[in-house]
Structure formats: structure tokens, C-alpha cells
$ cat target.cif   # mmCIF, C-alpha atoms
data_input
loop_
_atom_site.group_PDB
_atom_site.id
_atom_site.type_symbol
_atom_site.label_atom_id
_atom_site.label_comp_id
_atom_site.auth_asym_id
_atom_site.auth_seq_id
_atom_site.Cartn_x
_atom_site.Cartn_y
_atom_site.Cartn_z
ATOM 1 C CA MET A 1 0.000 0.000 0.000
ATOM 2 C CA LYS A 2 1.470 3.332 -1.046
ATOM 3 C CA LYS A 3 1.047 6.176 1.413
ATOM 4 C CA TYR A 4 1.975 9.783 1.625
ATOM 5 C CA LYS A 5 1.625 11.630 4.912
ATOM 6 C CA LYS A 6 1.522 15.345 5.514
ATOM 7 C CA ASN A 7 1.285 16.770 8.999
ATOM 8 C CA LYS A 8 -1.274 19.489 9.604
ATOM 9 C CA THR A 9 -1.036 21.201 12.928
ATOM 10 C CA LYS A 10 -3.866 23.542 13.643
ATOM 11 C CA LYS A 11 -5.150 24.669 17.017
ATOM 12 C CA PRO A 12 -2.384 23.670 19.438
ATOM 13 C CA GLY A 13 -3.592 21.911 22.540
ATOM 14 C CA PHE A 14 -6.286 20.029 20.621
ATOM 15 C CA GLN A 15 -7.694 17.068 22.503
ATOM 16 C CA GLU A 16 -8.786 14.185 20.256
ATOM 17 C CA SER A 17 -11.315 13.068 22.874
ATOM 18 C CA SER A 18 -13.255 16.264 22.220
ATOM 19 C CA PHE A 19 -14.587 14.793 18.948
ATOM 20 C CA SER A 20 -17.603 12.499 19.166
ATOM 21 C CA VAL A 21 -18.187 9.803 16.572
ATOM 22 C CA GLU A 22 -20.883 11.996 15.029
ATOM 23 C CA SER A 23 -18.578 15.017 14.715
ATOM 24 C CA ARG A 24 -15.815 12.845 13.213
ATOM 25 C CA VAL A 25 -18.273 11.511 10.634
ATOM 26 C CA LYS A 26 -19.389 15.073 9.879
ATOM 27 C CA ILE A 27 -15.770 16.158 9.312
ATOM 28 C CA ALA A 28 -15.121 13.116 7.071
ATOM 29 C CA ASP A 29 -18.251 13.976 5.059
ATOM 30 C CA SER A 30 -17.064 17.581 4.670
ATOM 31 C CA VAL A 31 -13.665 16.368 3.464
ATOM 32 C CA LYS A 32 -15.382 14.019 1.004
ATOM 33 C CA GLU A 33 -17.312 16.961 -0.475
ATOM 34 C CA LEU A 34 -14.058 18.919 -0.878
ATOM 35 C CA ALA A 35 -11.940 16.000 -2.122
ATOM 36 C CA GLU A 36 -14.258 14.400 -4.690
ATOM 37 C CA PRO A 37 -14.046 17.201 -7.291
ATOM 38 C CA LEU A 38 -10.244 17.286 -6.960
ATOM 39 C CA CYS A 39 -9.952 13.520 -7.352
ATOM 40 C CA GLU A 40 -12.320 13.460 -10.326
ATOM 41 C CA SER A 41 -10.384 16.235 -12.061
ATOM 42 C CA GLU A 42 -7.167 14.219 -11.633
ATOM 43 C CA GLY A 43 -8.683 10.966 -12.903
ATOM 44 C CA VAL A 44 -8.629 9.139 -9.568
ATOM 45 C CA GLU A 45 -11.486 7.679 -7.582
ATOM 46 C CA LEU A 46 -12.012 8.789 -3.995
ATOM 47 C CA VAL A 47 -12.604 5.410 -2.393
ATOM 48 C CA TYR A 48 -13.023 6.329 1.287
ATOM 49 C CA VAL A 49 -12.411 9.071 3.856
ATOM 50 C CA GLU A 50 -11.922 8.478 7.572
ATOM 51 C CA TYR A 51 -11.150 10.811 10.443
ATOM 52 C CA GLN A 52 -10.194 8.955 13.594
ATOM 53 C CA PRO A 53 -7.951 8.976 16.641
ATOM 54 C CA GLU A 54 -4.781 6.888 16.487
ATOM 55 C CA ALA A 55 -1.707 6.624 18.697
ATOM 56 C CA GLY A 56 -0.032 9.747 17.270
ATOM 57 C CA GLY A 57 -3.184 11.902 17.305
ATOM 58 C CA MET A 58 -5.996 12.400 14.834
ATOM 59 C CA ILE A 59 -5.621 10.952 11.321
ATOM 60 C CA LEU A 60 -7.494 12.206 8.284
ATOM 61 C CA ARG A 61 -7.027 9.342 5.848
ATOM 62 C CA LEU A 62 -8.153 9.247 2.230
ATOM 63 C CA TYR A 63 -7.998 6.189 0.026
ATOM 64 C CA ILE A 64 -7.732 6.804 -3.712
ATOM 65 C CA ASP A 65 -7.588 4.452 -6.687
ATOM 66 C CA LYS A 66 -7.508 4.359 -10.473
ATOM 67 C CA PRO A 67 -7.796 1.483 -12.942
ATOM 68 C CA GLU A 68 -4.043 1.128 -13.510
ATOM 69 C CA GLY A 69 -3.258 1.438 -9.798
ATOM 70 C CA VAL A 70 -2.124 4.337 -7.638
ATOM 71 C CA THR A 71 1.468 5.542 -7.530
ATOM 72 C CA VAL A 72 3.264 7.371 -4.728
ATOM 73 C CA ASP A 73 3.270 10.435 -6.990
ATOM 74 C CA ASP A 74 -0.550 10.263 -7.224
ATOM 75 C CA CYS A 75 -0.783 10.205 -3.435
ATOM 76 C CA ILE A 76 1.675 13.077 -3.044
ATOM 77 C CA TYR A 77 -0.095 15.222 -5.619
ATOM 78 C CA ILE A 78 -3.570 14.698 -4.136
ATOM 79 C CA SER A 79 -2.217 15.242 -0.613
ATOM 80 C CA ARG A 80 -0.570 18.550 -1.507
ATOM 81 C CA GLN A 81 -3.550 19.876 -3.448
ATOM 82 C CA LEU A 82 -6.077 18.728 -0.869
ATOM 83 C CA GLY A 83 -3.938 20.050 1.994
ATOM 84 C CA ASP A 84 -4.245 23.548 0.566
ATOM 85 C CA ILE A 85 -8.007 23.170 0.070
ATOM 86 C CA LEU A 86 -8.470 21.894 3.626
ATOM 87 C CA ASP A 87 -6.362 24.722 5.078
ATOM 88 C CA VAL A 88 -8.880 27.186 3.642
ATOM 89 C CA ASN A 89 -12.138 25.263 4.104
ATOM 90 C CA LEU A 90 -11.798 22.952 7.115
ATOM 91 C CA GLU A 91 -11.705 25.005 10.280
ATOM 92 C CA ASN A 92 -13.308 22.664 12.819
ATOM 93 C CA ALA A 93 -11.044 19.616 12.520
ATOM 94 C CA GLY A 94 -8.389 20.575 15.058
ATOM 95 C CA ALA A 95 -4.887 19.134 14.621
ATOM 96 C CA TYR A 96 -4.644 16.134 12.336
ATOM 97 C CA ARG A 97 -2.235 14.203 10.156
ATOM 98 C CA LEU A 98 -3.320 13.952 6.506
ATOM 99 C CA GLU A 99 -2.631 10.614 4.845
ATOM 100 C CA VAL A 100 -3.458 9.730 1.234
ATOM 101 C CA SER A 101 -3.128 6.071 0.319
ATOM 102 C CA SER A 102 -4.139 3.392 -2.144
ATOM 103 C CA PRO A 103 -6.981 1.230 -0.805
ATOM 104 C CA GLY A 104 -4.784 -1.854 -0.564
ATOM 105 C CA SER A 105 -5.993 -5.441 -0.548
ATOM 106 C CA ASP A 106 -8.634 -4.758 2.116
ATOM 107 C CA ARG A 107 -10.341 -2.039 0.059
ATOM 108 C CA PRO A 108 -13.062 -0.160 1.971
ATOM 109 C CA LEU A 109 -16.618 -0.393 0.628
ATOM 110 C CA TRP A 110 -18.251 2.962 1.212
ATOM 111 C CA LYS A 111 -20.599 3.777 -1.639
ATOM 112 C CA LYS A 112 -23.750 1.820 -2.373
ATOM 113 C CA ASN A 113 -22.477 1.064 -5.865
ATOM 114 C CA ASP A 114 -19.368 -0.599 -4.356
ATOM 115 C CA PHE A 115 -21.549 -3.508 -3.197
ATOM 116 C CA ASN A 116 -22.616 -4.231 -6.797
ATOM 117 C CA ARG A 117 -19.261 -3.335 -8.338
ATOM 118 C CA PHE A 118 -17.453 -5.938 -6.221
ATOM 119 C CA LYS A 119 -20.215 -8.558 -6.337
ATOM 120 C CA GLY A 120 -18.662 -12.020 -6.057
ATOM 121 C CA SER A 121 -15.724 -10.804 -3.939
ATOM 122 C CA VAL A 122 -15.121 -11.793 -0.333
ATOM 123 C CA ALA A 123 -15.917 -9.008 2.136
ATOM 124 C CA ARG A 124 -16.084 -8.307 5.851
ATOM 125 C CA ILE A 125 -19.038 -6.275 7.082
ATOM 126 C CA ARG A 126 -19.528 -4.890 10.587
ATOM 127 C CA THR A 127 -22.991 -3.636 11.492
ATOM 128 C CA CYS A 128 -24.161 -1.021 13.957
ATOM 129 C CA ARG A 129 -26.468 -3.524 15.655
ATOM 130 C CA PRO A 130 -26.724 -7.322 15.582
ATOM 131 C CA PHE A 131 -28.391 -9.196 12.712
ATOM 132 C CA ASP A 132 -29.023 -12.901 13.192
ATOM 133 C CA GLY A 133 -27.282 -12.494 16.575
ATOM 134 C CA GLN A 134 -24.030 -11.104 15.221
ATOM 135 C CA LYS A 135 -22.443 -7.843 14.114
ATOM 136 C CA ASN A 136 -19.494 -9.174 12.076
ATOM 137 C CA PHE A 137 -19.948 -11.002 8.788
ATOM 138 C CA LYS A 138 -17.454 -12.445 6.312
ATOM 139 C CA GLY A 139 -18.649 -13.887 3.042
ATOM 140 C CA VAL A 140 -19.229 -13.394 -0.658
ATOM 141 C CA LEU A 141 -20.943 -10.174 -1.708
ATOM 142 C CA LEU A 142 -24.177 -10.762 -3.582
ATOM 143 C CA GLY A 143 -24.861 -7.088 -4.285
ATOM 144 C CA ILE A 144 -27.269 -4.391 -3.118
ATOM 145 C CA SER A 145 -30.868 -3.674 -4.069
ATOM 146 C CA ASP A 146 -33.535 -1.554 -2.405
ATOM 147 C CA GLU A 147 -30.997 -0.343 0.203
ATOM 148 C CA ILE A 148 -30.313 -3.962 1.313
ATOM 149 C CA VAL A 149 -26.812 -5.450 1.039
ATOM 150 C CA LYS A 150 -26.772 -9.199 0.555
ATOM 151 C CA ILE A 151 -23.843 -11.377 1.534
ATOM 152 C CA MET A 152 -23.471 -15.176 1.496
ATOM 153 C CA VAL A 153 -22.069 -16.344 4.849
ATOM 154 C CA ASP A 154 -21.511 -20.085 5.343
ATOM 155 C CA ASN A 155 -23.982 -20.947 2.534
ATOM 156 C CA LYS A 156 -26.640 -18.692 4.077
ATOM 157 C CA ASN A 157 -27.869 -15.423 2.560
ATOM 158 C CA VAL A 158 -27.778 -12.513 4.999
ATOM 159 C CA ALA A 159 -29.618 -9.267 4.242
ATOM 160 C CA ILE A 160 -28.221 -6.138 5.881
ATOM 161 C CA PRO A 161 -29.780 -2.662 5.530
ATOM 162 C CA PHE A 162 -27.159 -0.338 4.019
ATOM 163 C CA GLN A 163 -27.687 2.298 6.743
ATOM 164 C CA GLU A 164 -26.838 -0.299 9.407
ATOM 165 C CA ILE A 165 -23.342 -0.950 8.025
ATOM 166 C CA ALA A 166 -20.675 0.554 10.283
ATOM 167 C CA LYS A 167 -17.726 -0.691 8.229
ATOM 168 C CA ALA A 168 -17.216 -2.868 5.168
ATOM 169 C CA ARG A 169 -14.022 -3.984 3.423
ATOM 170 C CA LEU A 170 -12.998 -6.427 0.747
ATOM 171 C CA VAL A 171 -10.700 -9.241 1.846
ATOM 172 C CA ASN A 172 -7.419 -9.719 -0.068
ATOM 173 C CA TYR A 173 -8.728 -8.003 -3.188
ATOM 174 C CA GLY A 174 -6.164 -7.216 -5.889
ATOM 175 C CA GLU A 175 -3.166 -7.496 -3.571
ATOM 176 C CA ASN A 176 -0.681 -6.308 -6.193
ATOM 177 C CA ARG A 177 -2.563 -3.176 -7.344
ATOM 178 C CA CYS A 178 -0.090 -0.614 -5.984
ATOM 179 C CA LEU A 179 2.650 0.595 -8.281
#

$ encode --input "target.cif" --output "C-alpha cells"
Amino acid sequence: MKKYKKNKTKKPGFQESSFSVESRVKIADSVKELAEPLCESEGVELVYVEYQPEAGGMILRLYIDKPEGVTVDDCIYISRQLGDILDVNLENAGAYRLEVSSPGSDRPLWKKNDFNRFKGSVARIRTCRPFDGQKNFKGVLLGISDEIVKIMVDNKNVAIPFQEIAKARLVNYGENRCL
């Protein structure tokens, strides 16, 4: 997985615990709105955005991809351009470290279309609440229709409402996609 990191240090004394899950999601959504036009103009797909606490502080991580694979130069370019955009437009994020990366072999599934696009691939899905007595599922994606994601787990079809998915990732998909 190719990564490029750029430190952003705004608002000294920032406490990562001051951000609730809801506010982190709101910040990630704001970044998505700012990053998508940039990525589209550069011919790369914005795969996923996350804003979360990690050992070194808050991380703002973007995953990008393109059909021929992502290079380090792609990550650097998007990081530099987006860093400038975020400096101007993202005031409420506190201190964070910006990281732009290829999605890697455990590619995040974030958009509804991803569940049809990667139909037939093995995925892990974590839900917000239990379905059939569990919150974690690993199986073959069967697609999405009418806001319901279907996955085959141990020869059993499981239907999960899209809005109940907390996290979803492919498992070992295209391991050699990074250049």
C-alpha cells in the first residue's frame, strides 16, 4: 500500500477526545465533499475518507484508486492539493495528520455502488447492531438492491440494511494493485 503523509497542525492543545463519533463523521463527510471534485479532475477515484484517533493523534485518511493502480506520486499530488483546500475550508477539525493512500488489498466499501461493483468478492461487514445475533460477517458479496446489502455467509444469505453498516471492506482483493 502506497502512502503519503503530511502533517497538519492547527489549534495547538487540541484534545482528540473532544470529537464524538458523530462530529468525526461530519468532518469526514465535509472532506469528502471537498476532495471528490479534486480527485475526479485528476482521474482518480475517492474510495473512502476516515477521520479517527490513532496513537499519534488524529488521522485524516483518504484512500484513492484508479484502474491502472495508484502511484506514490498520485498520493503526493492529491495530498498537496487537498492540503491547501483543507487549510482554507476545514476550520473545525483541530490538529490532524493527513494521509493519502491506495486502498490496498482490504479495500473499503463505502458507496452503495461498491456492493454491486465488487459482487462475487469476499468481504467483511460490521454492522451497527446485531443481525441474526451477530455484528461481524465475512462472506461473498451478492450485491445491493432496495438499500439492502446481501452477503453469502456459510452458505446462508444474509440481508443487511445499508444504513446499518458501520464498516465494510474487501478481503485480499487485488493485492498487487499498488505501483

$ axis_aligned_box --input "target.cif" --around "stretch 135-153 of chain A" --padding-each-side "4 Å" --output "JSON"
{"center_x": -25.5, "center_y": -8.3, "center_z": 4.9, "size_x": 24.1, "size_y": 24.0, "size_z": 26.4}

$ residues_around --input "target.cif" --residues "stretch 34-46 of chain A" --least-positions-apart "3" --cutoff "9 Å" --atoms "only C-alpha atoms" --output "PyMOL selection string"
chain A and resi 29-31+49+62-67+70+74+78+81-82+85-86+89

$ atom_distance --input "target.cif" --atom1 "atom CA of A:Ile160" --atom2 "atom CA of A:Ile148"
5.5 Å

$ resolve_selection --input "target.cif" --expression "the PyMOL selection byres ((chain A and resi 159) around 6)" --output "PyMOL selection string"
chain A and resi 149-150+158+160

$ closest_residue --input "target.cif" --among "A:Phe131, A:Ala28, A:Ala95, A:Leu141" --to "A:Met58" --atoms "only C-alpha atoms"
A:Ala95

$ resolve_selection --input "target.cif" --expression "the PyMOL selection byres ((chain A and resi 111-117) around 12)" --output "number ranges by chain"
A: 32, 45-49, 107-110, 118-125, 140-151, 160-163, 165, 167-170

$ atom_distance --input "target.cif" --atom1 "atom CA of A:Asp84" --atom2 "atom CA of A:Ile27"
16.2 Å

$ residues_near_point --input "target.cif" --point "(-16.4, -10.1, 13.2)" --cutoff "10 Å" --atoms "all atoms listed in the file" --output "mmCIF file with C-alpha atoms, keeping the file's coordinate frame"
data_model
loop_
_atom_site.group_PDB
_atom_site.id
_atom_site.type_symbol
_atom_site.label_atom_id
_atom_site.label_comp_id
_atom_site.auth_asym_id
_atom_site.auth_seq_id
_atom_site.Cartn_x
_atom_site.Cartn_y
_atom_site.Cartn_z
ATOM 1 C CA ARG A 124 -16.084 -8.307 5.851
ATOM 2 C CA ILE A 125 -19.038 -6.275 7.082
ATOM 3 C CA ARG A 126 -19.528 -4.890 10.587
ATOM 4 C CA THR A 127 -22.991 -3.636 11.492
ATOM 5 C CA GLN A 134 -24.030 -11.104 15.221
ATOM 6 C CA LYS A 135 -22.443 -7.843 14.114
ATOM 7 C CA ASN A 136 -19.494 -9.174 12.076
ATOM 8 C CA PHE A 137 -19.948 -11.002 8.788
ATOM 9 C CA LYS A 138 -17.454 -12.445 6.312
#

$ atom_distance --input "target.cif" --atom1 "atom CA of A:Tyr77" --atom2 "atom CA of A:Val21"
29.1 Å

$ closest_residue --input "target.cif" --among "A:Ile59, A:Asp106, A:Glu22, A:Glu33" --to "A:Leu90" --atoms "only C-alpha atoms"
A:Glu33

$ closest_residue --input "target.cif" --among "A:Val25, A:Ala55, A:Val72, A:Cys128" --to "A:Arg97" --atoms "only C-alpha atoms"
A:Ala55

$ closest_residue --input "target.cif" --among "A:Gly69, A:Cys75, A:Ser23, A:Met152" --to "A:Ser105" --atoms "all atoms listed in the file"
A:Gly69
